[in-house]
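In what follows, a single structure is set out as structure tokens and then discussed.
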Amino acid sequence: MPHPLNADLHCHSTVSDGTLSPEALAERAKVRGVELWALTDHDEIGGQERAAAAAHALALPYLTGVEISVSFAGKTVHIVGLGFDPRNDMLRHGLEQTRGGRGQRAREMADQLARAGIVGAYEGALKYVGNPELISRTHFARYLVEAGVCADTNEVFRRFLTEGKPGFVPHRWASLHDAVQWIVGAGGMAVIAHPARYGFTPNEEYALFLEFKGHGGQGVEVVTGSHTAAEAQTYAAMAREFGLLASRGSDFHSPTESRLDLGALDPLPEGLTPVWEALADRVLH
């Protein structure tokens with residue numbers, strides 16, 4: 001039986017909300033046995049050239065990647081794009097528009113935290129931002145840990161920055177249609193990221209998969225850092241039902257914060273077609 005490929009097609013660098021540079025991530029992926037890698041920063045492809053160059057220097061096969069924030073059924077859903085042309089104008093412009101609302105949202109988050117007695121959160125969060133256009137809840141969480149408000153980022157998200165808690169400000173993201181079209185239009189493949197995380201009802205989830213496929217989406221993350229073994233089986237069944245390809249990715253952000261390290265994922269369940277088989281001609285060597 002052939003050895004299953006250790007692909008890790010979802011992680012984040014300092015270009016969005018990770019703590020390692022694209023170069024350091026490439027090195028970590030290589031050392032930890034990753035055989036196909038993609039950097040998927042949030043709504044940003046500014047790290048792609050660096051990631052691809054670092055991977056090439058390490059003889060690590062590479063796929064271009066991005067994770068796009070989408071509004072669907074009143075929640076934020078993430079769509080990963082793989083194997084696209086990062087020079088595509090429609091994709092670049094769409095991501096620029098999506099990033100545009102983060103600054104105002106961050107100031108509103110800081111105002112809410114100030115009313116809860118936590119001052120200076122905006123300035124504090126900025127210290128952790130590699131790209132001010134991409135300031136996010138994760139950067140605020142790191143500041144709240146540094147300031148001693150919470151012991152770790154898990155506690156932050158239990159007490160702050162989530163719906164109904166101080167510091168939560170919703171953002172109007174791209175539509176599902178737009179995100180999929182940007183990726184597909186740039187020659188890439190759209191993949192639903194970590195579907196178990198959204199907490200949709202069965203009807204909402206079915207609608208997400210149906211609409212996603214209708215817009216040209218082709219894949220779903222079955223094995224990911226936030227999925228249990230049972231959830232992996234659930235989404236393996238969904239992949240089969242909807243005729244979707246299967247992806248796997250750790251969603252690694254930081255050596256000290258992430259549930260799973262690069263390269264440490266379980267294999268895909270049996271009977272699925274991996275996304276990388278359909279993307280073989282777009283892998284950079």
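In the structure tokens, the first chain shown is A, the next is B, and so on; residue numbers restart at 1 for each chain, and ligands run from 1 in the order shown.
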
With range 204-228 of chain A as the partner and 12 Å as the cut-off, tabulate the residues of range 9-66 of chain A that qualify, each row holding the nearest pair of atoms and their distance in Å to one decimal, using only C-alpha atoms, sorted by chain and rising number, as a Markdown table.
| residue | atom | partner | partner_atom | distance |
| --- | --- | --- | --- | --- |
| A:Leu9 | CA | A:Glu221 | CA | 9.2 |
| A:His10 | CA | A:Thr224 | CA | 8.3 |
| A:Cys11 | CA | A:Gly225 | CA | 10.1 |

All residues 9 Å or closer to Gly103 in chain A, only C-alpha atoms, same chain fewer than 5 positions away omitted, as a list in words: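 Result of the neighbour search: Glu108, Pro132, Glu133, Leu134, Ile135 and Ser136 of chain A.
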
Can you spit out the residues from that selection as a PDB file, in the first residue's frame, using N, CA, C and O atoms?
ATOM      1  N   GLU A 108     -13.168  49.662  17.033  1.00  0.00           N
ATOM      2  CA  GLU A 108     -14.414  49.423  17.769  1.00  0.00           C
ATOM      3  C   GLU A 108     -14.213  48.339  18.839  1.00  0.00           C
ATOM      4  O   GLU A 108     -14.768  48.425  19.936  1.00  0.00           O
ATOM      5  N   PRO A 132      -0.415  45.881   9.536  1.00  0.00           N
ATOM      6  CA  PRO A 132      -1.522  46.584  10.195  1.00  0.00           C
ATOM      7  C   PRO A 132      -2.871  46.424   9.493  1.00  0.00           C
ATOM      8  O   PRO A 132      -3.911  46.520  10.131  1.00  0.00           O
ATOM      9  N   GLU A 133      -2.863  46.154   8.178  1.00  0.00           N
ATOM     10  CA  GLU A 133      -4.120  45.915   7.451  1.00  0.00           C
ATOM     11  C   GLU A 133      -4.835  44.661   7.955  1.00  0.00           C
ATOM     12  O   GLU A 133      -6.011  44.472   7.716  1.00  0.00           O
ATOM     13  N   LEU A 134      -4.082  43.783   8.610  1.00  0.00           N
ATOM     14  CA  LEU A 134      -4.630  42.481   9.001  1.00  0.00           C
ATOM     15  C   LEU A 134      -4.779  42.339  10.510  1.00  0.00           C
ATOM     16  O   LEU A 134      -4.784  41.230  11.037  1.00  0.00           O
ATOM     17  N   ILE A 135      -4.904  43.445  11.231  1.00  0.00           N
ATOM     18  CA  ILE A 135      -5.107  43.374  12.675  1.00  0.00           C
ATOM     19  C   ILE A 135      -6.382  42.565  12.949  1.00  0.00           C
ATOM     20  O   ILE A 135      -7.410  42.757  12.298  1.00  0.00           O
ATOM     21  N   SER A 136      -6.305  41.647  13.906  1.00  0.00           N
ATOM     22  CA  SER A 136      -7.411  40.710  14.117  1.00  0.00           C
ATOM     23  C   SER A 136      -7.588  40.401  15.604  1.00  0.00           C
ATOM     24  O   SER A 136      -6.804  40.838  16.449  1.00  0.00           O
TER      25      SER A 136
END

Val180 in chain A environment, 10 Å, only C-alpha atoms, sequence neighbours closer than 2 positions dropped, as a list in words: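 Answer for this query is Ile68, Val70, Ile79, Val80, Gly81, Leu91, Ala174, Ser175, Leu176, His177, Asp178, Trp182, Ile183, Val184, Gly185, Ala186, Gly188, Met189, Ala190, Val191, Ile192, Phe212, Lys213, Gly214, His215, Gly216, Gly217 and Gln218 of chain A.
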
Neighbouring residues of Ala125 in chain A were defined as those with any atom within 7 Å, considering only C-alpha atoms; residues of the same chain fewer than 5 positions away were excluded. Please report them as an mmCIF file with C-alpha atoms, in the first residue's frame.
data_model
loop_
_atom_site.group_PDB
_atom_site.id
_atom_site.type_symbol
_atom_site.label_atom_id
_atom_site.label_comp_id
_atom_site.auth_asym_id
_atom_site.auth_seq_id
_atom_site.Cartn_x
_atom_site.Cartn_y
_atom_site.Cartn_z
ATOM 1 C CA HIS A 139 -3.529 40.080 18.008
ATOM 2 C CA PHE A 140 -5.850 41.471 20.690
ATOM 3 C CA TYR A 143 -2.024 41.541 24.105
#

From a backbone DSSP assignment, name each residue in range 149-208 of chain A labelled alpha helix (DSSP H), as a PDB file with N, CA and C atoms, in the first residue's frame.
ATOM      1  N   THR A 153      -4.431  32.410  25.482  1.00  0.00           N
ATOM      2  CA  THR A 153      -5.387  32.877  24.473  1.00  0.00           C
ATOM      3  C   THR A 153      -6.701  32.101  24.540  1.00  0.00           C
ATOM      4  N   ASN A 154      -6.669  30.859  25.000  1.00  0.00           N
ATOM      5  CA  ASN A 154      -7.936  30.118  25.161  1.00  0.00           C
ATOM      6  C   ASN A 154      -8.859  30.820  26.151  1.00  0.00           C
ATOM      7  N   GLU A 155      -8.276  31.308  27.263  1.00  0.00           N
ATOM      8  CA  GLU A 155      -9.087  32.036  28.254  1.00  0.00           C
ATOM      9  C   GLU A 155      -9.622  33.334  27.655  1.00  0.00           C
ATOM     10  N   VAL A 156      -8.797  33.988  26.835  1.00  0.00           N
ATOM     11  CA  VAL A 156      -9.249  35.236  26.192  1.00  0.00           C
ATOM     12  C   VAL A 156     -10.546  34.985  25.431  1.00  0.00           C
ATOM     13  N   PHE A 157     -10.563  33.912  24.633  1.00  0.00           N
ATOM     14  CA  PHE A 157     -11.733  33.673  23.785  1.00  0.00           C
ATOM     15  C   PHE A 157     -12.920  33.104  24.562  1.00  0.00           C
ATOM     16  N   ARG A 158     -12.696  32.693  25.803  1.00  0.00           N
ATOM     17  CA  ARG A 158     -13.838  32.332  26.658  1.00  0.00           C
ATOM     18  C   ARG A 158     -14.477  33.574  27.269  1.00  0.00           C
ATOM     19  N   ARG A 159     -13.658  34.607  27.529  1.00  0.00           N
ATOM     20  CA  ARG A 159     -14.139  35.777  28.266  1.00  0.00           C
ATOM     21  C   ARG A 159     -14.355  37.024  27.401  1.00  0.00           C
ATOM     22  N   LEU A 176     -19.731  34.220  -0.193  1.00  0.00           N
ATOM     23  CA  LEU A 176     -19.219  32.904  -0.583  1.00  0.00           C
ATOM     24  C   LEU A 176     -18.988  32.858  -2.091  1.00  0.00           C
ATOM     25  N   HIS A 177     -19.918  33.406  -2.835  1.00  0.00           N
ATOM     26  CA  HIS A 177     -19.791  33.433  -4.305  1.00  0.00           C
ATOM     27  C   HIS A 177     -18.517  34.150  -4.724  1.00  0.00           C
ATOM     28  N   ASP A 178     -18.284  35.340  -4.149  1.00  0.00           N
ATOM     29  CA  ASP A 178     -17.106  36.123  -4.544  1.00  0.00           C
ATOM     30  C   ASP A 178     -15.809  35.388  -4.226  1.00  0.00           C
ATOM     31  N   ALA A 179     -15.695  34.854  -3.004  1.00  0.00           N
ATOM     32  CA  ALA A 179     -14.457  34.194  -2.596  1.00  0.00           C
ATOM     33  C   ALA A 179     -14.129  33.015  -3.506  1.00  0.00           C
ATOM     34  N   VAL A 180     -15.137  32.192  -3.787  1.00  0.00           N
ATOM     35  CA  VAL A 180     -14.900  31.027  -4.654  1.00  0.00           C
ATOM     36  C   VAL A 180     -14.518  31.485  -6.056  1.00  0.00           C
ATOM     37  N   GLN A 181     -15.204  32.514  -6.560  1.00  0.00           N
ATOM     38  CA  GLN A 181     -14.915  32.999  -7.909  1.00  0.00           C
ATOM     39  C   GLN A 181     -13.513  33.597  -8.013  1.00  0.00           C
ATOM     40  N   TRP A 182     -13.067  34.308  -6.977  1.00  0.00           N
ATOM     41  CA  TRP A 182     -11.700  34.866  -7.002  1.00  0.00           C
ATOM     42  C   TRP A 182     -10.675  33.749  -7.114  1.00  0.00           C
ATOM     43  N   ILE A 183     -10.871  32.702  -6.318  1.00  0.00           N
ATOM     44  CA  ILE A 183      -9.911  31.587  -6.307  1.00  0.00           C
ATOM     45  C   ILE A 183      -9.927  30.843  -7.634  1.00  0.00           C
ATOM     46  N   VAL A 184     -11.128  30.470  -8.076  1.00  0.00           N
ATOM     47  CA  VAL A 184     -11.266  29.704  -9.322  1.00  0.00           C
ATOM     48  C   VAL A 184     -10.804  30.545 -10.520  1.00  0.00           C
ATOM     49  N   GLY A 185     -11.143  31.847 -10.481  1.00  0.00           N
ATOM     50  CA  GLY A 185     -10.740  32.736 -11.570  1.00  0.00           C
ATOM     51  C   GLY A 185      -9.238  32.907 -11.666  1.00  0.00           C
ATOM     52  N   PRO A 202     -27.800  21.322  10.929  1.00  0.00           N
ATOM     53  CA  PRO A 202     -27.661  20.450   9.750  1.00  0.00           C
ATOM     54  C   PRO A 202     -28.173  21.107   8.466  1.00  0.00           C
ATOM     55  N   ASN A 203     -29.277  21.852   8.554  1.00  0.00           N
ATOM     56  CA  ASN A 203     -29.818  22.519   7.359  1.00  0.00           C
ATOM     57  C   ASN A 203     -28.890  23.613   6.846  1.00  0.00           C
ATOM     58  N   GLU A 204     -28.336  24.413   7.780  1.00  0.00           N
ATOM     59  CA  GLU A 204     -27.412  25.483   7.382  1.00  0.00           C
ATOM     60  C   GLU A 204     -26.157  24.891   6.744  1.00  0.00           C
ATOM     61  N   GLU A 205     -25.647  23.831   7.362  1.00  0.00           N
ATOM     62  CA  GLU A 205     -24.431  23.210   6.834  1.00  0.00           C
ATOM     63  C   GLU A 205     -24.668  22.629   5.442  1.00  0.00           C
ATOM     64  N   TYR A 206     -25.806  21.989   5.264  1.00  0.00           N
ATOM     65  CA  TYR A 206     -26.139  21.434   3.951  1.00  0.00           C
ATOM     66  C   TYR A 206     -26.213  22.559   2.914  1.00  0.00           C
ATOM     67  N   ALA A 207     -26.815  23.676   3.315  1.00  0.00           N
ATOM     68  CA  ALA A 207     -26.920  24.834   2.408  1.00  0.00           C
ATOM     69  C   ALA A 207     -25.532  25.376   2.050  1.00  0.00           C
ATOM     70  N   LEU A 208     -24.624  25.419   3.036  1.00  0.00           N
ATOM     71  CA  LEU A 208     -23.255  25.890   2.782  1.00  0.00           C
ATOM     72  C   LEU A 208     -22.587  25.001   1.728  1.00  0.00           C
TER      73      LEU A 208
END

Which of range 34-253 of chain A fall in strand (DSSP E or B), as a ChimeraX atom specification: /A:36-37,42,62,65-72,75-82,174,189-192,219-224,245-249,252

Given only C-alpha atoms as the counted atoms, nearest of A:Asp266, A:Ile118, A:Asp261, A:Leu25 to Val149 in chain A: A:Ile118

Among the residues A:Gly263, A:Gly74, A:Pro86, A:Gly120, the one that comes closest to Phe200 in chain A [using only C-alpha atoms]: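 Closest residue, counting only C-alpha atoms: A:Gly74.
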
Spatial neighbours of range 27-39 of chain A, max dist 6 Å, only C-alpha atoms, sep filter under 6 positions, as a list of chain:residue names: A:Asn6, A:Ala7, A:Asp8, A:Leu9, A:Cys11, A:Pro61, A:Tyr62, A:Leu63, A:Thr64, A:Gly65, A:Leu262, A:Gly263

Residue contacts of range 42-48 of chain A (9 Å, only C-alpha atoms) excluding same-chain residues fewer than 3 positions away, as a list in words: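 Counting only C-alpha atoms, the residues come to His12, Ser13, Thr14, Val15, Ser16, Asp17, Ser21, Pro22, Ala38, Leu39, Ala51, Ala52, Ala53, Thr64, Gly65, Val66, Glu67, Ile68, Ser69, His78, Pro86, Arg92, Gly94, Leu95, Glu96, Thr98, Arg99 and Leu134 of chain A.
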
For N, CA and C atoms, I'd like the residues from the last selection saved as a tab-separated table (two decimals), in the first residue's frame.
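Output (part16.tsv):
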chain	number	residue	atom	x	y	z
A	12	HIS	N	-0.41	29.66	9.05
A	12	HIS	CA	-0.37	31.12	9.03
A	12	HIS	C	0.98	31.66	9.49
A	13	SER	N	1.42	32.74	8.84
A	13	SER	CA	2.70	33.38	9.16
A	13	SER	C	2.47	34.76	9.75
A	14	THR	N	3.56	35.47	10.01
A	14	THR	CA	3.48	36.84	10.51
A	14	THR	C	2.84	37.79	9.50
A	15	VAL	N	2.68	37.36	8.26
A	15	VAL	CA	2.01	38.21	7.27
A	15	VAL	C	0.52	38.35	7.62
A	16	SER	N	-0.06	37.37	8.34
A	16	SER	CA	-1.40	37.57	8.89
A	16	SER	C	-1.33	37.46	10.41
A	17	ASP	N	-1.75	36.33	11.01
A	17	ASP	CA	-1.81	36.28	12.47
A	17	ASP	C	-0.99	35.14	13.07
A	21	SER	N	7.78	33.63	10.66
A	21	SER	CA	7.88	34.15	9.29
A	21	SER	C	7.61	33.04	8.30
A	22	PRO	N	7.30	33.39	7.04
A	22	PRO	CA	7.13	32.35	6.02
A	22	PRO	C	8.36	31.43	5.92
A	38	ALA	N	1.54	24.40	2.08
A	38	ALA	CA	0.93	25.65	1.59
A	38	ALA	C	0.84	26.63	2.75
A	39	LEU	N	1.22	27.87	2.52
A	39	LEU	CA	1.00	28.96	3.46
A	39	LEU	C	-0.34	29.61	3.10
A	51	ALA	N	7.34	32.42	0.80
A	51	ALA	CA	7.09	31.02	1.17
A	51	ALA	C	7.55	30.08	0.05
A	52	ALA	N	7.21	30.42	-1.19
A	52	ALA	CA	7.59	29.58	-2.32
A	52	ALA	C	9.11	29.50	-2.47
A	53	ALA	N	9.78	30.64	-2.29
A	53	ALA	CA	11.25	30.67	-2.41
A	53	ALA	C	11.90	29.85	-1.30
A	64	THR	N	0.58	27.42	-3.69
A	64	THR	CA	0.14	28.74	-3.23
A	64	THR	C	-1.14	28.58	-2.41
A	65	GLY	N	-1.33	29.47	-1.43
A	65	GLY	CA	-2.50	29.34	-0.56
A	65	GLY	C	-2.96	30.66	0.01
A	66	VAL	N	-4.23	30.69	0.44
A	66	VAL	CA	-4.83	31.84	1.12
A	66	VAL	C	-6.05	31.32	1.87
A	67	GLU	N	-6.45	32.02	2.94
A	67	GLU	CA	-7.68	31.69	3.65
A	67	GLU	C	-8.57	32.94	3.64
A	68	ILE	N	-9.69	32.86	2.95
A	68	ILE	CA	-10.55	34.03	2.76
A	68	ILE	C	-11.73	33.98	3.73
A	69	SER	N	-11.99	35.10	4.40
A	69	SER	CA	-13.10	35.22	5.35
A	69	SER	C	-14.38	35.54	4.58
A	78	HIS	N	-14.56	30.29	6.65
A	78	HIS	CA	-13.28	30.45	5.96
A	78	HIS	C	-13.19	29.51	4.75
A	86	PRO	N	-0.83	33.89	-7.87
A	86	PRO	CA	-0.88	35.03	-6.94
A	86	PRO	C	-0.80	36.38	-7.62
A	92	ARG	N	-6.33	39.61	-6.22
A	92	ARG	CA	-5.61	40.61	-5.42
A	92	ARG	C	-6.54	41.75	-5.00
A	94	GLY	N	-9.87	41.68	-4.81
A	94	GLY	CA	-10.88	41.17	-3.89
A	94	GLY	C	-10.35	41.06	-2.47
A	95	LEU	N	-9.13	40.56	-2.32
A	95	LEU	CA	-8.54	40.43	-0.98
A	95	LEU	C	-8.28	41.80	-0.36
A	96	GLU	N	-7.89	42.74	-1.20
A	96	GLU	CA	-7.66	44.11	-0.71
A	96	GLU	C	-8.95	44.69	-0.13
A	98	THR	N	-11.50	42.99	1.05
A	98	THR	CA	-11.86	42.23	2.25
A	98	THR	C	-11.06	42.71	3.46
A	99	ARG	N	-9.79	43.01	3.25
A	99	ARG	CA	-8.95	43.49	4.36
A	99	ARG	C	-9.36	44.87	4.83
A	134	LEU	N	-4.08	43.78	8.61
A	134	LEU	CA	-4.63	42.48	9.00
A	134	LEU	C	-4.78	42.34	10.51

Distance in Å - CA of Ala280 in chain A versus CA of Leu60 in chain A: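 Pair CA of Ala280 in chain A / CA of Leu60 in chain A returns 14.0 Å.
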